[in-house]
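> What follows is structure-v3.cif; its format and atoms are mmCIF, C-alpha atoms.
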data_work
#
loop_
_atom_site.label_atom_id
_atom_site.label_comp_id
_atom_site.auth_asym_id
_atom_site.auth_seq_id
_atom_site.Cartn_x
_atom_site.Cartn_y
_atom_site.Cartn_z
CA MET A 1 -0.24 19.19 -23.96
CA LYS A 2 2.81 19.80 -26.18
CA VAL A 3 4.71 17.06 -24.34
CA LEU A 4 1.83 14.61 -24.87
CA LYS A 5 1.68 15.42 -28.59
CA ARG A 6 5.42 14.92 -28.83
CA VAL A 7 5.23 11.55 -27.08
CA LEU A 8 2.37 10.40 -29.33
CA LYS A 9 4.33 11.54 -32.38
CA TRP A 10 7.39 9.54 -31.31
CA ILE A 11 5.29 6.46 -30.53
CA THR A 12 3.56 6.68 -33.92
CA GLY A 13 6.89 7.05 -35.66
CA LEU A 14 8.36 4.09 -33.78
CA ILE A 15 5.39 1.90 -34.73
CA LEU A 16 5.77 2.88 -38.40
CA VAL A 17 9.49 2.09 -38.30
CA LEU A 18 8.84 -1.30 -36.69
CA LEU A 19 6.16 -2.10 -39.26
CA LEU A 20 8.50 -1.14 -42.08
CA LEU A 21 11.29 -3.23 -40.56
CA ALA A 22 8.96 -6.22 -40.21
CA PHE A 23 7.90 -5.81 -43.84
CA LEU A 24 11.51 -5.65 -45.03
CA LEU A 25 12.54 -8.67 -42.98
CA GLY A 26 9.53 -10.61 -44.26
CA PHE A 27 10.33 -9.61 -47.83
CA ILE A 28 13.94 -10.76 -47.45
CA ALA A 29 12.90 -14.01 -45.77
CA TYR A 30 10.38 -14.66 -48.54
CA TRP A 31 12.89 -14.37 -51.35
CA ARG A 32 15.58 -16.30 -49.47
CA SER A 33 13.14 -19.13 -48.85
CA THR A 34 14.36 -22.01 -51.01
CA ASN A 35 15.09 -25.74 -51.08
CA ASP A 36 17.63 -28.19 -52.48
CA CYS A 37 15.99 -28.59 -55.89
CA ASP A 38 18.78 -26.64 -57.58
CA ARG A 39 21.29 -29.32 -56.69
CA THR A 40 21.87 -31.33 -59.84
CA THR A 41 24.06 -34.15 -58.51
CA ALA A 42 22.75 -37.48 -59.76
CA PRO A 43 21.82 -39.96 -56.99
CA THR A 44 24.37 -42.73 -56.47
CA SER A 45 21.70 -45.14 -55.25
CA PRO A 46 18.50 -43.97 -56.92
CA MET A 47 14.88 -44.65 -56.05
CA LYS A 48 11.62 -43.25 -57.37
CA ALA A 49 9.84 -40.62 -55.27
CA ILE A 50 7.33 -37.81 -55.61
CA VAL A 51 8.96 -34.40 -55.12
CA TYR A 52 7.75 -30.82 -55.44
CA CYS A 53 10.08 -27.84 -55.77
CA ASP A 54 7.31 -25.21 -55.75
CA TYR A 55 3.84 -25.07 -54.25
CA GLY A 56 0.93 -26.35 -56.34
CA LEU A 57 -0.22 -29.70 -57.71
CA ALA A 58 1.23 -28.89 -61.12
CA ASN A 59 4.72 -28.99 -59.60
CA LEU A 60 4.57 -32.58 -58.33
CA LYS A 61 6.95 -34.85 -60.20
CA LEU A 62 8.08 -38.46 -60.04
CA GLU A 63 11.88 -38.36 -60.00
CA ASP A 64 14.98 -40.34 -59.11
CA VAL A 65 16.28 -39.32 -55.68
CA GLU A 66 18.85 -40.74 -53.29
CA LYS A 67 17.69 -43.90 -51.55
CA PRO A 68 17.77 -43.33 -47.77
CA THR A 69 20.18 -45.17 -45.51
CA PRO A 70 18.92 -46.13 -42.03
CA THR A 71 20.70 -44.71 -38.99
CA ASP A 72 21.40 -46.84 -35.92
CA ASP A 73 17.80 -46.48 -34.63
CA GLN A 74 15.96 -46.66 -37.97
CA LEU A 75 14.49 -49.24 -40.33
CA LEU A 76 14.83 -49.31 -44.10
CA VAL A 77 11.33 -50.10 -45.37
CA ARG A 78 10.48 -51.02 -48.94
CA VAL A 79 7.16 -49.20 -49.39
CA ARG A 80 4.37 -51.33 -50.84
CA ALA A 81 1.56 -48.84 -50.36
CA ALA A 82 0.96 -45.32 -49.06
CA SER A 83 -2.17 -43.24 -48.55
CA VAL A 84 -3.27 -39.66 -49.14
CA ASN A 85 -4.53 -37.32 -46.41
CA PRO A 86 -5.79 -33.72 -46.40
CA TYR A 87 -2.51 -33.18 -44.54
CA ASP A 88 -0.71 -33.80 -47.84
CA TRP A 89 -2.58 -31.29 -49.96
CA HIS A 90 -2.17 -28.65 -47.24
CA PHE A 91 1.58 -29.02 -47.77
CA VAL A 92 1.31 -29.20 -51.55
CA GLU A 93 -0.62 -25.93 -51.70
CA GLY A 94 1.12 -24.33 -48.71
CA THR A 95 -2.24 -23.49 -47.14
CA PRO A 96 -3.42 -22.12 -44.84
CA TYR A 97 -0.69 -19.56 -45.43
CA VAL A 98 0.20 -19.37 -41.75
CA MET A 99 1.88 -22.76 -42.31
CA ARG A 100 4.50 -21.09 -44.47
CA ALA A 101 5.35 -18.59 -41.77
CA MET A 102 5.60 -21.41 -39.23
CA GLY A 103 8.52 -23.04 -41.04
CA VAL A 104 7.07 -24.96 -43.99
CA GLY A 105 8.63 -22.43 -46.40
CA LEU A 106 7.51 -18.92 -47.31
CA ARG A 107 8.13 -18.95 -51.05
CA LYS A 108 9.00 -22.59 -51.69
CA PRO A 109 8.55 -25.76 -49.64
CA LYS A 110 11.60 -26.48 -47.48
CA ASP A 111 11.00 -30.22 -47.54
CA THR A 112 10.52 -31.31 -51.13
CA HIS A 113 9.34 -34.83 -50.31
CA LEU A 114 5.69 -35.70 -49.73
CA GLY A 115 3.46 -38.28 -48.07
CA VAL A 116 3.32 -39.73 -44.54
CA ASP A 117 1.29 -42.96 -44.29
CA PHE A 118 3.03 -46.13 -45.48
CA ALA A 119 3.05 -49.91 -45.30
CA GLY A 120 5.81 -52.18 -46.52
CA THR A 121 8.54 -54.71 -45.82
CA VAL A 122 11.65 -54.17 -43.69
CA GLU A 123 14.80 -54.64 -45.75
CA ALA A 124 17.40 -53.61 -43.15
CA VAL A 125 17.63 -52.35 -39.57
CA GLY A 126 20.07 -50.14 -37.71
CA LYS A 127 22.44 -51.72 -35.20
CA ASN A 128 20.40 -50.49 -32.20
CA VAL A 129 17.07 -51.86 -33.46
CA THR A 130 15.91 -55.02 -31.69
CA GLN A 131 12.10 -54.95 -32.05
CA PHE A 132 12.08 -55.36 -35.84
CA LYS A 133 14.02 -57.52 -38.28
CA SER A 134 14.51 -57.85 -42.02
CA GLY A 135 11.42 -59.35 -43.65
CA ASP A 136 8.91 -57.93 -41.15
CA GLU A 137 5.77 -56.40 -42.65
CA VAL A 138 5.14 -53.03 -41.02
CA PHE A 139 2.99 -49.92 -41.29
CA GLY A 140 3.06 -46.42 -39.86
CA GLY A 141 4.02 -42.87 -40.65
CA ARG A 142 7.15 -41.21 -41.98
CA GLY A 143 7.70 -38.06 -44.04
CA GLY A 144 8.42 -38.73 -47.71
CA ALA A 145 6.24 -41.86 -47.90
CA PHE A 146 5.34 -41.30 -51.56
CA ALA A 147 8.51 -43.15 -52.50
CA GLN A 148 9.94 -46.62 -52.92
CA TYR A 149 11.75 -46.52 -49.55
CA VAL A 150 11.44 -44.75 -46.18
CA CYS A 151 13.47 -44.88 -42.98
CA PRO A 152 11.23 -44.54 -39.89
CA ARG A 153 12.66 -44.61 -36.36
CA ALA A 154 11.95 -47.94 -34.71
CA THR A 155 10.58 -46.33 -31.55
CA ARG A 156 8.23 -43.89 -33.30
CA ALA A 157 5.21 -44.33 -35.57
CA VAL A 158 5.79 -47.85 -36.90
CA ALA A 159 4.25 -51.20 -35.92
CA LEU A 160 3.93 -54.75 -37.22
CA LYS A 161 1.21 -55.19 -39.83
CA PRO A 162 -1.47 -57.76 -38.94
CA ALA A 163 -1.34 -60.81 -41.23
CA ASN A 164 -5.03 -60.50 -42.10
CA VAL A 165 -4.64 -56.93 -43.39
CA SER A 166 -3.37 -56.00 -46.85
CA PHE A 167 -0.59 -53.49 -47.40
CA GLU A 168 -3.14 -51.12 -48.92
CA GLU A 169 -5.40 -51.34 -45.87
CA ALA A 170 -2.51 -50.93 -43.43
CA ALA A 171 -1.19 -47.91 -45.33
CA SER A 172 -4.49 -46.12 -44.78
CA VAL A 173 -4.34 -46.24 -40.98
CA ASN A 174 -1.67 -43.93 -39.56
CA ILE A 175 -3.02 -40.36 -39.62
CA ALA A 176 -6.75 -41.07 -39.95
CA GLY A 177 -6.87 -44.00 -37.53
CA ILE A 178 -4.76 -42.36 -34.83
CA THR A 179 -6.71 -39.11 -35.18
CA ALA A 180 -10.01 -40.92 -34.66
CA LEU A 181 -8.67 -42.96 -31.73
CA GLN A 182 -7.14 -40.03 -29.86
CA ALA A 183 -10.09 -37.72 -30.58
CA LEU A 184 -12.58 -40.17 -29.08
CA ARG A 185 -10.52 -41.81 -26.34
CA ASP A 186 -8.37 -38.90 -25.15
CA LYS A 187 -10.17 -35.69 -26.14
CA GLY A 188 -13.76 -36.92 -26.05
CA LYS A 189 -13.14 -39.43 -23.23
CA VAL A 190 -15.94 -41.59 -24.63
CA GLN A 191 -17.50 -44.00 -22.12
CA PRO A 192 -19.76 -47.03 -22.71
CA GLY A 193 -23.38 -46.00 -23.23
CA GLN A 194 -22.61 -42.42 -24.24
CA LYS A 195 -24.05 -40.93 -27.41
CA VAL A 196 -21.48 -39.95 -30.03
CA LEU A 197 -22.13 -37.96 -33.21
CA VAL A 198 -19.63 -38.23 -36.08
CA ASN A 199 -20.12 -35.41 -38.59
CA GLY A 200 -18.47 -36.55 -41.83
CA ALA A 201 -18.79 -40.26 -41.02
CA SER A 202 -17.88 -41.52 -44.50
CA GLY A 203 -14.49 -39.81 -44.84
CA GLY A 204 -11.02 -40.99 -43.87
CA VAL A 205 -11.20 -40.14 -40.16
CA GLY A 206 -14.97 -40.64 -40.03
CA THR A 207 -14.96 -44.28 -41.14
CA PHE A 208 -12.40 -45.11 -38.45
CA ALA A 209 -14.24 -43.00 -35.86
CA VAL A 210 -17.57 -44.82 -36.28
CA GLN A 211 -15.91 -48.19 -35.71
CA ILE A 212 -13.71 -47.03 -32.82
CA ALA A 213 -16.63 -45.33 -31.06
CA LYS A 214 -18.60 -48.58 -31.31
CA SER A 215 -15.65 -50.52 -29.87
CA LEU A 216 -15.67 -48.09 -26.92
CA GLY A 217 -19.31 -49.01 -26.27
CA ALA A 218 -20.92 -45.82 -27.53
CA ASP A 219 -24.26 -45.32 -29.24
CA VAL A 220 -23.06 -43.88 -32.56
CA THR A 221 -24.80 -41.53 -35.00
CA GLY A 222 -23.08 -40.87 -38.32
CA VAL A 223 -23.79 -37.89 -40.57
CA CYS A 224 -23.16 -38.34 -44.30
CA SER A 225 -24.68 -37.90 -47.76
CA THR A 226 -27.31 -40.17 -49.31
CA ARG A 227 -24.84 -42.28 -51.27
CA ASN A 228 -22.88 -43.13 -48.12
CA VAL A 229 -25.74 -44.07 -45.79
CA ASP A 230 -25.38 -47.83 -46.38
CA LEU A 231 -21.59 -47.62 -45.96
CA VAL A 232 -21.85 -45.89 -42.58
CA LYS A 233 -24.49 -48.39 -41.43
CA SER A 234 -22.20 -51.25 -42.43
CA LEU A 235 -19.47 -49.80 -40.19
CA GLY A 236 -21.74 -50.26 -37.17
CA ALA A 237 -23.43 -46.89 -36.76
CA ASP A 238 -26.61 -47.19 -34.70
CA HIS A 239 -28.19 -44.22 -36.48
CA VAL A 240 -27.37 -42.45 -39.74
CA ILE A 241 -28.45 -38.91 -40.65
CA ASP A 242 -28.53 -37.99 -44.33
CA TYR A 243 -27.51 -34.33 -44.29
CA THR A 244 -29.17 -33.74 -47.67
CA LYS A 245 -32.54 -34.50 -46.04
CA GLU A 246 -32.06 -33.53 -42.39
CA ASP A 247 -30.06 -30.96 -40.42
CA PHE A 248 -28.75 -32.66 -37.29
CA THR A 249 -28.40 -29.31 -35.51
CA LYS A 250 -32.18 -28.88 -35.66
CA GLY A 251 -32.97 -32.29 -34.19
CA ALA A 252 -34.04 -33.03 -30.62
CA GLU A 253 -31.24 -35.53 -29.87
CA ARG A 254 -28.37 -34.47 -27.61
CA TYR A 255 -24.90 -36.02 -27.68
CA ASP A 256 -22.17 -36.53 -25.12
CA VAL A 257 -19.43 -36.19 -27.75
CA MET A 258 -19.46 -34.66 -31.22
CA LEU A 259 -16.56 -35.39 -33.55
CA ASP A 260 -16.62 -32.80 -36.33
CA ASN A 261 -14.66 -33.72 -39.45
CA VAL A 262 -16.40 -31.17 -41.66
CA GLY A 263 -16.82 -27.88 -39.76
CA ASN A 264 -19.88 -26.90 -41.79
CA HIS A 265 -21.93 -25.65 -38.83
CA SER A 266 -21.33 -22.77 -36.45
CA LEU A 267 -20.03 -23.45 -32.96
CA SER A 268 -23.28 -22.23 -31.43
CA GLU A 269 -25.22 -24.73 -33.58
CA CYS A 270 -22.88 -27.53 -32.53
CA LYS A 271 -23.16 -26.53 -28.88
CA GLY A 272 -26.91 -26.83 -29.21
CA VAL A 273 -26.73 -30.59 -29.91
CA LEU A 274 -24.46 -31.33 -26.93
CA THR A 275 -25.51 -32.38 -23.45
CA PRO A 276 -24.71 -29.86 -20.65
CA ALA A 277 -21.34 -31.57 -20.08
CA GLY A 278 -20.81 -32.55 -23.71
CA LYS A 279 -17.57 -32.33 -25.65
CA TYR A 280 -17.05 -30.95 -29.16
CA VAL A 281 -13.89 -32.05 -31.00
CA LEU A 282 -12.96 -30.35 -34.28
CA ILE A 283 -10.75 -32.28 -36.70
CA GLY A 284 -8.68 -30.95 -39.60
CA GLY A 285 -7.66 -27.63 -41.08
CA GLY A 286 -10.64 -26.90 -43.29
CA GLY A 287 -11.51 -27.85 -46.85
CA ALA A 288 -9.78 -26.75 -50.04
CA GLY A 289 -12.21 -23.84 -50.39
CA ASP A 290 -11.73 -22.73 -46.78
CA GLN A 291 -8.13 -21.62 -46.63
CA GLY A 292 -6.62 -18.11 -46.75
CA PHE A 293 -4.22 -17.14 -43.97
CA LEU A 294 -5.65 -19.24 -41.11
CA GLY A 295 -8.09 -21.55 -42.90
CA GLY A 296 -9.82 -24.00 -40.58
CA LEU A 297 -7.42 -23.02 -37.79
CA GLY A 298 -9.46 -19.84 -37.38
CA LYS A 299 -12.45 -21.87 -36.25
CA ALA A 300 -10.24 -23.91 -33.95
CA LEU A 301 -8.94 -20.73 -32.27
CA TRP A 302 -12.48 -19.41 -31.94
CA ALA A 303 -13.57 -22.72 -30.39
CA MET A 304 -10.93 -22.28 -27.67
CA VAL A 305 -12.33 -18.83 -26.86
CA PHE A 306 -15.96 -19.92 -27.18
CA SER A 307 -15.34 -22.80 -24.76
CA LYS A 308 -14.49 -20.32 -21.97
CA PHE A 309 -18.05 -19.00 -21.98
CA VAL A 310 -20.05 -22.24 -22.11
CA ASN A 311 -20.31 -25.37 -19.98
CA GLN A 312 -19.33 -27.71 -22.80
CA GLN A 313 -15.74 -28.41 -23.78
CA MET A 314 -15.08 -27.23 -27.33
CA GLY A 315 -11.77 -27.39 -29.14
CA MET A 316 -9.56 -28.90 -31.82
CA MET A 317 -7.11 -31.77 -31.59
CA MET A 318 -4.02 -32.74 -33.56
CA ALA A 319 -2.96 -36.37 -33.70
CA ASP A 320 0.27 -37.55 -32.08
CA ALA A 321 1.47 -40.51 -34.14
CA ASN A 322 3.15 -43.14 -31.97
CA HIS A 323 3.98 -46.83 -31.82
CA ASN A 324 1.60 -47.69 -28.96
CA ASP A 325 -1.54 -46.38 -30.64
CA LEU A 326 -0.58 -47.98 -33.95
CA THR A 327 -0.29 -51.28 -32.07
CA ILE A 328 -3.76 -50.77 -30.58
CA LEU A 329 -5.18 -50.16 -34.05
CA ALA A 330 -3.31 -53.21 -35.36
CA ASP A 331 -4.88 -55.37 -32.62
CA MET A 332 -8.32 -54.00 -33.51
CA MET A 333 -7.80 -54.90 -37.16
CA GLN A 334 -6.47 -58.34 -36.22
CA SER A 335 -9.60 -59.04 -34.14
CA GLY A 336 -11.98 -57.70 -36.78
CA LYS A 337 -13.15 -54.69 -34.76
CA LEU A 338 -11.65 -52.28 -37.30
CA LYS A 339 -11.77 -52.49 -41.08
CA PRO A 340 -10.16 -49.77 -43.22
CA VAL A 341 -12.35 -48.44 -46.03
CA ILE A 342 -10.57 -47.79 -49.32
CA ASP A 343 -12.25 -45.66 -51.97
CA ARG A 344 -9.71 -45.67 -54.79
CA THR A 345 -6.16 -46.73 -55.52
CA TYR A 346 -3.62 -44.93 -57.69
CA LYS A 347 -0.08 -45.68 -58.82
CA LEU A 348 2.91 -43.69 -57.57
CA GLU A 349 3.09 -41.59 -60.73
CA GLN A 350 -0.61 -40.73 -60.27
CA VAL A 351 -0.16 -39.04 -56.88
CA PRO A 352 -1.23 -35.62 -58.30
CA ASP A 353 -4.54 -37.15 -59.46
CA ALA A 354 -5.02 -38.82 -56.07
CA ILE A 355 -4.43 -35.60 -54.16
CA ARG A 356 -6.72 -33.72 -56.54
CA TYR A 357 -9.47 -36.24 -55.79
CA VAL A 358 -8.99 -35.92 -52.02
CA GLU A 359 -9.09 -32.12 -52.34
CA GLN A 360 -12.63 -32.38 -53.67
CA GLY A 361 -13.74 -33.63 -50.26
CA HIS A 362 -15.92 -36.54 -51.43
CA ALA A 363 -13.67 -39.55 -50.85
CA ARG A 364 -15.34 -42.54 -49.13
CA GLY A 365 -12.76 -43.68 -46.61
CA LYS A 366 -9.15 -43.50 -47.77
CA VAL A 367 -7.35 -43.05 -51.09
CA VAL A 368 -4.34 -45.34 -51.44
CA ILE A 369 -1.15 -45.23 -53.51
CA THR A 370 0.30 -48.57 -54.65
CA VAL A 371 4.09 -48.59 -54.97
CA GLU A 372 5.74 -51.12 -57.27
#
Output the file's structure as structure tokens, nothing else.

Amino acid sequence: MKVLKRVLKWITGLILVLLLLAFLLGFIAYWRSTNDCDRTTAPTSPMKAIVYCDYGLANLKLEDVEKPTPTDDQLLVRVRAASVNPYDWHFVEGTPYVMRAMGVGLRKPKDTHLGVDFAGTVEAVGKNVTQFKSGDEVFGGRGGAFAQYVCPRATRAVALKPANVSFEEAASVNIAGITALQALRDKGKVQPGQKVLVNGASGGVGTFAVQIAKSLGADVTGVCSTRNVDLVKSLGADHVIDYTKEDFTKGAERYDVMLDNVGNHSLSECKGVLTPAGKYVLIGGGGAGDQGFLGGLGKALWAMVFSKFVNQQMGMMMADANHNDLTILADMMQSGKLKPVIDRTYKLEQVPDAIRYVEQGHARGKVVITVE
């Protein structure tokens, strides 16, 4: 008995020491977390860009920064338009907080540039680039897109812009369009004739999802508020449920695929509207009021566990931006099968207002930044 007590005492002591060490290391890492904002060297070739040295919307500023120079496999793109995503305000606020521990920056953001989606004109190409040339109109995704110039890699998330699509429309496509496409085609494996439910059908991903699901031959039901019913119908939805008047989880209809952009119902409720072999696909990291340490990722983790005990497939997906899928979306826009929906446009210096609006969670389609 004395030996057992001694062993337990040593184990308890070791755990306390390890916890204390972890706390000290975390404390040191937190205060050493910094960025390059303290560097005061004036740019030799300046351009305007949105930067943030500390977390929070109040810290976003339009400043002169060094204009990027393309490497051998990159393009120099003059940005004509960019768009805002929930992805952006997650980085601005540093939430859910697990993001900071995963490398975004514990105390301050490591990468001080913001924005991803862009559309613009190629001004120069690296010596190894053969698929693009100066003067091409392109769109895609690249970090730091809230700026006058970006340098995407030619083989990554960049594609030629269709001639019948404006820069503003093209700039809205990258994250939202690819997310909708991959969620339905790859995760949901939607087949012609299947019934698809899009919860949050009037948002950025939702407006693309309704149209893409229709192009895949599905019977589409969109869920939205009263003011967006006509919009969702105009996108091709076969049925529209006004969530202010009807709870889709209490209806008799069953769906082969449910794309959930909102996460405002429990997993058991969502399971209840699926067919026996149905698929539930959760999108996004939760709303601005649903953050904390894990935020919406908590529900995604629970969905992975929940899925082990039911027949239906339930889980979350993260988009993989790439040239091939951007080209598919470009072809769909060229043929008229896909039409981006733009709610509002802001100027580059108004990015904080644009992100604040997206944070409210009521945008119809996408919010776009025009860059002059």
> What's the separation between CA of Gly200 in chain A and CA of Gly361 in chain A, in Å to one decimal place?
10.1 Å
> Take the PyMOL selection byres ((chain A and resi 283) around 7), run it mentally on this structure, and tell me the resulting residues as a ChimeraX atom specification.
/A:260-261,281-282,284,316-317
> Tell me which residues come within 12 Å of (-22.1, -42.5, -32.4), as an MDAnalysis selection string, counting only C-alpha atoms in the file's coordinates.
chainID A and resid 184 188 190:201 206:223 232:233 235:241 253:260
> May I have the selected residues written with C-alpha atoms, as a PDB file, in the coordinates of the input?

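The resulting file, out_39.pdb, is shown below:
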ATOM      1  CA  LEU A 184     -12.580 -40.170 -29.080  1.00  0.00           C
ATOM      2  CA  GLY A 188     -13.760 -36.920 -26.050  1.00  0.00           C
ATOM      3  CA  VAL A 190     -15.940 -41.590 -24.630  1.00  0.00           C
ATOM      4  CA  GLN A 191     -17.500 -44.000 -22.120  1.00  0.00           C
ATOM      5  CA  PRO A 192     -19.760 -47.030 -22.710  1.00  0.00           C
ATOM      6  CA  GLY A 193     -23.380 -46.000 -23.230  1.00  0.00           C
ATOM      7  CA  GLN A 194     -22.610 -42.420 -24.240  1.00  0.00           C
ATOM      8  CA  LYS A 195     -24.050 -40.930 -27.410  1.00  0.00           C
ATOM      9  CA  VAL A 196     -21.480 -39.950 -30.030  1.00  0.00           C
ATOM     10  CA  LEU A 197     -22.130 -37.960 -33.210  1.00  0.00           C
ATOM     11  CA  VAL A 198     -19.630 -38.230 -36.080  1.00  0.00           C
ATOM     12  CA  ASN A 199     -20.120 -35.410 -38.590  1.00  0.00           C
ATOM     13  CA  GLY A 200     -18.470 -36.550 -41.830  1.00  0.00           C
ATOM     14  CA  ALA A 201     -18.790 -40.260 -41.020  1.00  0.00           C
ATOM     15  CA  GLY A 206     -14.970 -40.640 -40.030  1.00  0.00           C
ATOM     16  CA  THR A 207     -14.960 -44.280 -41.140  1.00  0.00           C
ATOM     17  CA  PHE A 208     -12.400 -45.110 -38.450  1.00  0.00           C
ATOM     18  CA  ALA A 209     -14.240 -43.000 -35.860  1.00  0.00           C
ATOM     19  CA  VAL A 210     -17.570 -44.820 -36.280  1.00  0.00           C
ATOM     20  CA  GLN A 211     -15.910 -48.190 -35.710  1.00  0.00           C
ATOM     21  CA  ILE A 212     -13.710 -47.030 -32.820  1.00  0.00           C
ATOM     22  CA  ALA A 213     -16.630 -45.330 -31.060  1.00  0.00           C
ATOM     23  CA  LYS A 214     -18.600 -48.580 -31.310  1.00  0.00           C
ATOM     24  CA  SER A 215     -15.650 -50.520 -29.870  1.00  0.00           C
ATOM     25  CA  LEU A 216     -15.670 -48.090 -26.920  1.00  0.00           C
ATOM     26  CA  GLY A 217     -19.310 -49.010 -26.270  1.00  0.00           C
ATOM     27  CA  ALA A 218     -20.920 -45.820 -27.530  1.00  0.00           C
ATOM     28  CA  ASP A 219     -24.260 -45.320 -29.240  1.00  0.00           C
ATOM     29  CA  VAL A 220     -23.060 -43.880 -32.560  1.00  0.00           C
ATOM     30  CA  THR A 221     -24.800 -41.530 -35.000  1.00  0.00           C
ATOM     31  CA  GLY A 222     -23.080 -40.870 -38.320  1.00  0.00           C
ATOM     32  CA  VAL A 223     -23.790 -37.890 -40.570  1.00  0.00           C
ATOM     33  CA  VAL A 232     -21.850 -45.890 -42.580  1.00  0.00           C
ATOM     34  CA  LYS A 233     -24.490 -48.390 -41.430  1.00  0.00           C
ATOM     35  CA  LEU A 235     -19.470 -49.800 -40.190  1.00  0.00           C
ATOM     36  CA  GLY A 236     -21.740 -50.260 -37.170  1.00  0.00           C
ATOM     37  CA  ALA A 237     -23.430 -46.890 -36.760  1.00  0.00           C
ATOM     38  CA  ASP A 238     -26.610 -47.190 -34.700  1.00  0.00           C
ATOM     39  CA  HIS A 239     -28.190 -44.220 -36.480  1.00  0.00           C
ATOM     40  CA  VAL A 240     -27.370 -42.450 -39.740  1.00  0.00           C
ATOM     41  CA  ILE A 241     -28.450 -38.910 -40.650  1.00  0.00           C
ATOM     42  CA  GLU A 253     -31.240 -35.530 -29.870  1.00  0.00           C
ATOM     43  CA  ARG A 254     -28.370 -34.470 -27.610  1.00  0.00           C
ATOM     44  CA  TYR A 255     -24.900 -36.020 -27.680  1.00  0.00           C
ATOM     45  CA  ASP A 256     -22.170 -36.530 -25.120  1.00  0.00           C
ATOM     46  CA  VAL A 257     -19.430 -36.190 -27.750  1.00  0.00           C
ATOM     47  CA  MET A 258     -19.460 -34.660 -31.220  1.00  0.00           C
ATOM     48  CA  LEU A 259     -16.560 -35.390 -33.550  1.00  0.00           C
ATOM     49  CA  ASP A 260     -16.620 -32.800 -36.330  1.00  0.00           C
TER      50      ASP A 260
END
> Mind giving me the straight-line distance from CA of Thr155 in chain A to CA of Asn322 in chain A in Å, one decimal?
8.1 Å
> Extract, using all atoms listed in the file, all DNA, RNA and protein residues at most 12 Å from Asn324 in chain A, discarding same-chain residues fewer than 5 positions from it, and format them as an MDAnalysis selection string.
chainID A and resid 140 154:160 174 178 181:182 329:331
> At what distance in Å, to one decimal, does CA of Leu338 in chain A lie from CA of Ser234 in chain A?
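Computing it gives 11.8 Å between the two atoms.
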> List the neighbours of Lys245 in chain A out to 10 Å using all atoms listed in the file; skip same-chain residues closer than 3 positions along the sequence, and give me the result as a ChimeraX atom specification.
/A:225-226,241-242,248
> For this structure, which residues satisfy the selection - the PyMOL selection byres ((chain A and resi 278) around 7) - when it is evaluated on the file as given? I want them as a ChimeraX atom specification.
/A:255-257,274-277,279-280,312-313
